file work_27.csv (CSV, C-alpha atoms)
chain,number,residue,atom,x,y,z
A,1,MET,CA,-16.5,-15.1,32.8
A,2,LYS,CA,-18.0,-12.2,30.9
A,3,LYS,CA,-15.0,-10.1,31.7
A,4,ASN,CA,-12.6,-12.7,30.2
A,5,VAL,CA,-14.7,-13.0,27.0
A,6,LEU,CA,-14.8,-9.2,26.7
A,7,TYR,CA,-11.0,-8.9,27.2
A,8,PHE,CA,-10.4,-11.7,24.7
A,9,LEU,CA,-12.6,-9.9,22.1
A,10,LEU,CA,-10.9,-6.6,22.7
A,11,PHE,CA,-7.5,-8.1,22.4
A,12,THR,CA,-8.5,-10.0,19.2
A,13,LEU,CA,-9.9,-6.9,17.5
A,14,HIS,CA,-6.9,-4.8,18.5
A,15,PHE,CA,-4.6,-7.4,17.1
A,16,LEU,CA,-6.5,-7.7,13.8
A,17,PHE,CA,-6.7,-3.9,13.4
A,18,LEU,CA,-2.9,-3.4,13.9
A,19,ASN,CA,-2.0,-6.3,11.5
A,20,SER,CA,-4.4,-5.2,8.8
A,21,CYS,CA,-2.6,-1.8,8.4
A,22,LYS,CA,0.7,-3.4,7.2
A,23,LYS,CA,1.3,-3.4,3.5
A,24,LYS,CA,1.9,-7.0,2.3
A,25,ASN,CA,3.7,-7.0,-1.0
A,26,PRO,CA,6.1,-10.0,-1.3
A,27,LEU,CA,7.1,-9.1,-4.9
A,28,ASN,CA,9.1,-6.0,-3.8
A,29,LYS,CA,10.5,-7.4,-0.6
A,30,ASN,CA,14.1,-7.6,-1.8
A,31,LYS,CA,14.3,-4.3,-3.7
A,32,THR,CA,16.1,-1.2,-2.5
A,33,LEU,CA,13.6,1.5,-1.7
A,34,VAL,CA,14.6,5.0,-3.0
A,35,LEU,CA,11.5,7.1,-2.4
A,36,THR,CA,8.2,6.8,-0.5
A,37,ALA,CA,5.4,9.3,-0.8
A,38,ILE,CA,2.2,9.2,1.2
A,39,SER,CA,-0.9,11.4,1.0
A,40,ASP,CA,-3.0,10.2,3.9
A,41,ALA,CA,-6.7,10.9,4.3
A,42,SER,CA,-9.2,10.0,6.9
A,43,VAL,CA,-10.9,7.4,4.7
A,44,GLY,CA,-7.9,6.2,2.6
A,45,GLY,CA,-4.9,7.6,0.9
A,46,LEU,CA,-2.3,7.5,-1.9
A,47,PHE,CA,1.0,5.6,-1.4
A,48,LEU,CA,3.9,5.6,-3.9
A,49,ASN,CA,7.1,3.6,-3.6
A,50,ILE,CA,10.0,4.0,-6.1
A,51,TYR,CA,12.8,1.4,-6.1
A,52,LYS,CA,16.4,1.6,-7.3
A,53,ASP,CA,15.8,-0.6,-10.4
A,54,SER,CA,13.3,2.1,-11.6
A,55,SER,CA,10.2,0.0,-10.7
A,56,PHE,CA,7.4,1.4,-8.6
A,57,ASP,CA,4.2,0.5,-6.9
A,58,PHE,CA,1.3,3.0,-6.5
A,59,THR,CA,-1.6,2.2,-4.2
A,60,ALA,CA,-4.9,4.2,-4.1
A,61,GLN,CA,-6.9,3.2,-1.1
A,62,SER,CA,-10.4,4.2,-0.1
A,63,MET,CA,-12.8,2.9,2.5
A,64,LEU,CA,-14.3,0.3,0.1
A,65,LYS,CA,-11.6,-0.5,-2.4
A,66,THR,CA,-7.8,-0.6,-2.8
A,67,ASN,CA,-6.1,-0.5,-6.2
A,68,THR,CA,-2.4,-1.2,-6.6
A,69,TYR,CA,-0.5,-0.4,-9.8
A,70,GLU,CA,3.1,-1.7,-10.5
A,71,GLY,CA,5.4,-0.9,-13.4
A,72,LYS,CA,8.5,1.0,-14.5
A,73,MET,CA,9.5,4.6,-14.0
A,74,GLU,CA,11.4,6.8,-16.5
A,75,TRP,CA,13.1,10.1,-15.6
A,76,LYS,CA,13.3,12.6,-18.5
A,77,ASN,CA,14.6,16.1,-17.7
A,78,ASP,CA,12.4,17.3,-14.8
A,79,THR,CA,9.5,14.8,-15.3
A,80,LEU,CA,8.8,11.3,-14.0
A,81,PHE,CA,6.9,9.0,-16.3
A,82,PHE,CA,5.1,5.9,-14.8
A,83,ILE,CA,4.6,3.1,-17.3
A,84,THR,CA,2.2,0.3,-16.3
A,85,LYS,CA,-0.1,-2.2,-17.9
A,86,MET,CA,-3.7,-1.2,-17.2
A,87,LYS,CA,-6.2,-4.0,-16.7
A,88,TYR,CA,-9.8,-3.2,-17.3
A,89,LEU,CA,-12.4,-5.3,-15.6
A,90,ILE,CA,-15.9,-5.3,-17.1

call {"tool": "encode", "arguments": {"input": "work_27.csv", "output": "structure tokens"}}
result
Amino acid sequence: MKKNVLYFLLFTLHFLFLNSCKKKNPLNKNKTLVLTAISDASVGGLFLNIYKDSSFDFTAQSMLKTNTYEGKMEWKNDTLFFITKMKYLI
């Protein structure tokens, strides 16, 4: 009986861990992805997606907090400009 409970707990934790790593963003589901950039770290990372319609989403992830920014991207000469509405929470 204890073995069955242990196997069930291990399976459940493994399932939850694998599913928690997937990025869930239904807003950009139907957009064509042009560029993905990832800077991965042991505790978090930086993730940038640029889409064909010049929109982007940028995610800064740490152990305790995840911030996602969305907006439009402009290309001028050799520089990318990311335009987003910043929300300040006090």

call {"tool": "closest_residue", "arguments": {"input": "work_27.csv", "among": "A:Ser42, A:Thr32, A:Ser62, A:Thr68", "to": "A:Thr84", "atoms": "only C-alpha atoms"}}
result
A:Thr68

call {"tool": "atom_distance", "arguments": {"input": "work_27.csv", "atom1": "atom CA of A:Lys72", "atom2": "atom CA of A:Ala41"}}
result
26.1 Å

call {"tool": "residues_around", "arguments": {"input": "work_27.csv", "residues": "A:Ala60", "least_positions_apart": "3", "cutoff": "8 Å", "atoms": "all atoms listed in the file", "output": "ChimeraX atom specification"}}
result
/A:44-47,66-68

call {"tool": "atom_distance", "arguments": {"input": "work_27.csv", "atom1": "atom CA of A:Lys52", "atom2": "atom CA of A:Val34"}}
result
5.8 Å

call {"tool": "residues_around", "arguments": {"input": "work_27.csv", "residues": "A:Leu48", "least_positions_apart": "2", "cutoff": "8 Å", "atoms": "only C-alpha atoms", "output": "number ranges by chain"}}
result
A: 35-38, 46, 50, 56-59

call {"tool": "residues_near_point", "arguments": {"input": "work_27.csv", "point": "(15.4, 5.8, -18.4)", "cutoff": "12 Å", "atoms": "all atoms listed in the file", "output": "short mmCIF file (atom, residue, chain, number, x, y, z; two decimals) with C-alpha atoms, in the coordinates of the input"}}
result
data_model
loop_
_atom_site.label_atom_id
_atom_site.label_comp_id
_atom_site.auth_asym_id
_atom_site.auth_seq_id
_atom_site.Cartn_x
_atom_site.Cartn_y
_atom_site.Cartn_z
CA LYS A 52 16.40 1.60 -7.30
CA ASP A 53 15.80 -0.60 -10.40
CA SER A 54 13.30 2.10 -11.60
CA SER A 55 10.20 0.00 -10.70
CA LYS A 72 8.50 1.00 -14.50
CA MET A 73 9.50 4.60 -14.00
CA GLU A 74 11.40 6.80 -16.50
CA TRP A 75 13.10 10.10 -15.60
CA LYS A 76 13.30 12.60 -18.50
CA ASN A 77 14.60 16.10 -17.70
CA THR A 79 9.50 14.80 -15.30
CA LEU A 80 8.80 11.30 -14.00
CA PHE A 81 6.90 9.00 -16.30
CA PHE A 82 5.10 5.90 -14.80
CA ILE A 83 4.60 3.10 -17.30
#

call {"tool": "atom_distance", "arguments": {"input": "work_27.csv", "atom1": "atom CA of A:Asn49", "atom2": "atom CA of A:Met63"}}
result
20.8 Å

call {"tool": "decode", "arguments": {"input": "work_27.csv", "residues": "stretch 32-76 of chain A", "atoms": "N, CA and C atoms", "output": "compact mmCIF listing (two decimals), in the first residue's frame"}}
result
# COMPACT_ATOMS: atom_id res chain seq x y z
N THR A 32 2.17 34.46 -36.15
CA THR A 32 3.32 33.79 -36.75
C THR A 32 4.59 34.26 -36.05
N LEU A 33 5.30 33.33 -35.47
CA LEU A 33 6.52 33.62 -34.72
C LEU A 33 7.67 33.83 -35.69
N VAL A 34 8.41 34.95 -35.51
CA VAL A 34 9.54 35.27 -36.37
C VAL A 34 10.86 34.99 -35.66
N LEU A 35 10.95 35.36 -34.38
CA LEU A 35 12.19 35.23 -33.63
C LEU A 35 11.91 34.84 -32.20
N THR A 36 12.70 33.93 -31.67
CA THR A 36 12.66 33.58 -30.26
C THR A 36 14.07 33.69 -29.71
N ALA A 37 14.23 34.41 -28.61
CA ALA A 37 15.53 34.53 -27.95
C ALA A 37 15.37 34.12 -26.49
N ILE A 38 16.30 33.30 -26.02
CA ILE A 38 16.23 32.79 -24.65
C ILE A 38 17.58 32.97 -23.99
N SER A 39 17.56 33.55 -22.80
CA SER A 39 18.74 33.61 -21.95
C SER A 39 18.37 32.89 -20.67
N ASP A 40 18.79 31.65 -20.59
CA ASP A 40 18.38 30.79 -19.49
C ASP A 40 19.39 30.84 -18.36
N ALA A 41 18.90 30.82 -17.13
CA ALA A 41 19.74 30.80 -15.95
C ALA A 41 19.25 29.68 -15.04
N SER A 42 20.01 29.39 -14.02
CA SER A 42 19.63 28.29 -13.13
C SER A 42 18.39 28.61 -12.30
N VAL A 43 18.13 29.88 -12.05
CA VAL A 43 17.01 30.28 -11.21
C VAL A 43 15.86 30.88 -12.02
N GLY A 44 16.10 31.30 -13.24
CA GLY A 44 15.06 31.92 -14.05
C GLY A 44 15.57 32.12 -15.45
N GLY A 45 15.19 33.24 -16.06
CA GLY A 45 15.69 33.51 -17.39
C GLY A 45 14.94 34.65 -18.05
N LEU A 46 15.38 34.98 -19.27
CA LEU A 46 14.76 36.01 -20.08
C LEU A 46 14.29 35.36 -21.38
N PHE A 47 13.06 35.65 -21.80
CA PHE A 47 12.47 35.04 -22.98
C PHE A 47 11.83 36.13 -23.83
N LEU A 48 12.21 36.18 -25.10
CA LEU A 48 11.68 37.19 -26.02
C LEU A 48 11.11 36.49 -27.25
N ASN A 49 9.88 36.83 -27.60
CA ASN A 49 9.24 36.35 -28.83
C ASN A 49 8.83 37.55 -29.66
N ILE A 50 9.21 37.56 -30.94
CA ILE A 50 8.79 38.61 -31.87
C ILE A 50 7.95 37.95 -32.95
N TYR A 51 6.81 38.58 -33.26
CA TYR A 51 5.86 38.02 -34.21
C TYR A 51 5.85 38.83 -35.51
N LYS A 52 5.27 38.25 -36.55
CA LYS A 52 5.27 38.84 -37.89
C LYS A 52 4.57 40.19 -37.94
N ASP A 53 3.57 40.41 -37.12
CA ASP A 53 2.83 41.67 -37.12
C ASP A 53 3.50 42.75 -36.26
N SER A 54 4.79 42.58 -35.95
CA SER A 54 5.61 43.52 -35.16
C SER A 54 5.21 43.58 -33.69
N SER A 55 4.47 42.62 -33.21
CA SER A 55 4.20 42.56 -31.78
C SER A 55 5.25 41.68 -31.12
N PHE A 56 5.38 41.80 -29.81
CA PHE A 56 6.35 41.01 -29.07
C PHE A 56 5.83 40.70 -27.69
N ASP A 57 6.41 39.70 -27.06
CA ASP A 57 6.23 39.50 -25.63
C ASP A 57 7.58 39.14 -25.04
N PHE A 58 7.87 39.77 -23.91
CA PHE A 58 9.13 39.60 -23.21
C PHE A 58 8.82 39.14 -21.80
N THR A 59 9.44 38.06 -21.37
CA THR A 59 9.21 37.51 -20.03
C THR A 59 10.52 37.48 -19.27
N ALA A 60 10.52 38.10 -18.10
CA ALA A 60 11.65 38.04 -17.17
C ALA A 60 11.20 37.17 -16.00
N GLN A 61 11.88 36.06 -15.83
CA GLN A 61 11.45 35.07 -14.85
C GLN A 61 12.55 34.87 -13.81
N SER A 62 12.14 34.84 -12.55
CA SER A 62 13.05 34.52 -11.46
C SER A 62 12.40 33.44 -10.61
N MET A 63 13.06 33.10 -9.53
CA MET A 63 12.53 32.03 -8.68
C MET A 63 11.20 32.42 -8.05
N LEU A 64 11.05 33.69 -7.70
CA LEU A 64 9.86 34.13 -6.97
C LEU A 64 8.84 34.86 -7.83
N LYS A 65 9.26 35.41 -8.98
CA LYS A 65 8.37 36.30 -9.70
C LYS A 65 8.57 36.17 -11.21
N THR A 66 7.49 36.33 -11.96
CA THR A 66 7.55 36.34 -13.42
C THR A 66 6.84 37.59 -13.93
N ASN A 67 7.54 38.39 -14.73
CA ASN A 67 6.96 39.57 -15.33
C ASN A 67 6.91 39.37 -16.83
N THR A 68 5.75 39.63 -17.44
CA THR A 68 5.59 39.53 -18.89
C THR A 68 5.16 40.88 -19.43
N TYR A 69 5.87 41.33 -20.46
CA TYR A 69 5.57 42.61 -21.10
C TYR A 69 5.21 42.32 -22.55
N GLU A 70 4.17 43.00 -23.05
CA GLU A 70 3.72 42.85 -24.42
C GLU A 70 3.61 44.22 -25.06
N GLY A 71 3.82 44.29 -26.36
CA GLY A 71 3.71 45.57 -27.05
C GLY A 71 4.06 45.43 -28.51
N LYS A 72 4.47 46.55 -29.10
CA LYS A 72 4.85 46.60 -30.51
C LYS A 72 6.34 46.86 -30.63
N MET A 73 6.91 46.39 -31.73
CA MET A 73 8.32 46.55 -32.01
C MET A 73 8.49 47.39 -33.26
N GLU A 74 9.46 48.31 -33.25
CA GLU A 74 9.78 49.10 -34.43
C GLU A 74 11.23 48.87 -34.79
N TRP A 75 11.51 48.78 -36.09
CA TRP A 75 12.85 48.56 -36.60
C TRP A 75 13.29 49.84 -37.30
N LYS A 76 14.35 50.49 -36.80
CA LYS A 76 14.91 51.69 -37.43
C LYS A 76 16.41 51.48 -37.61
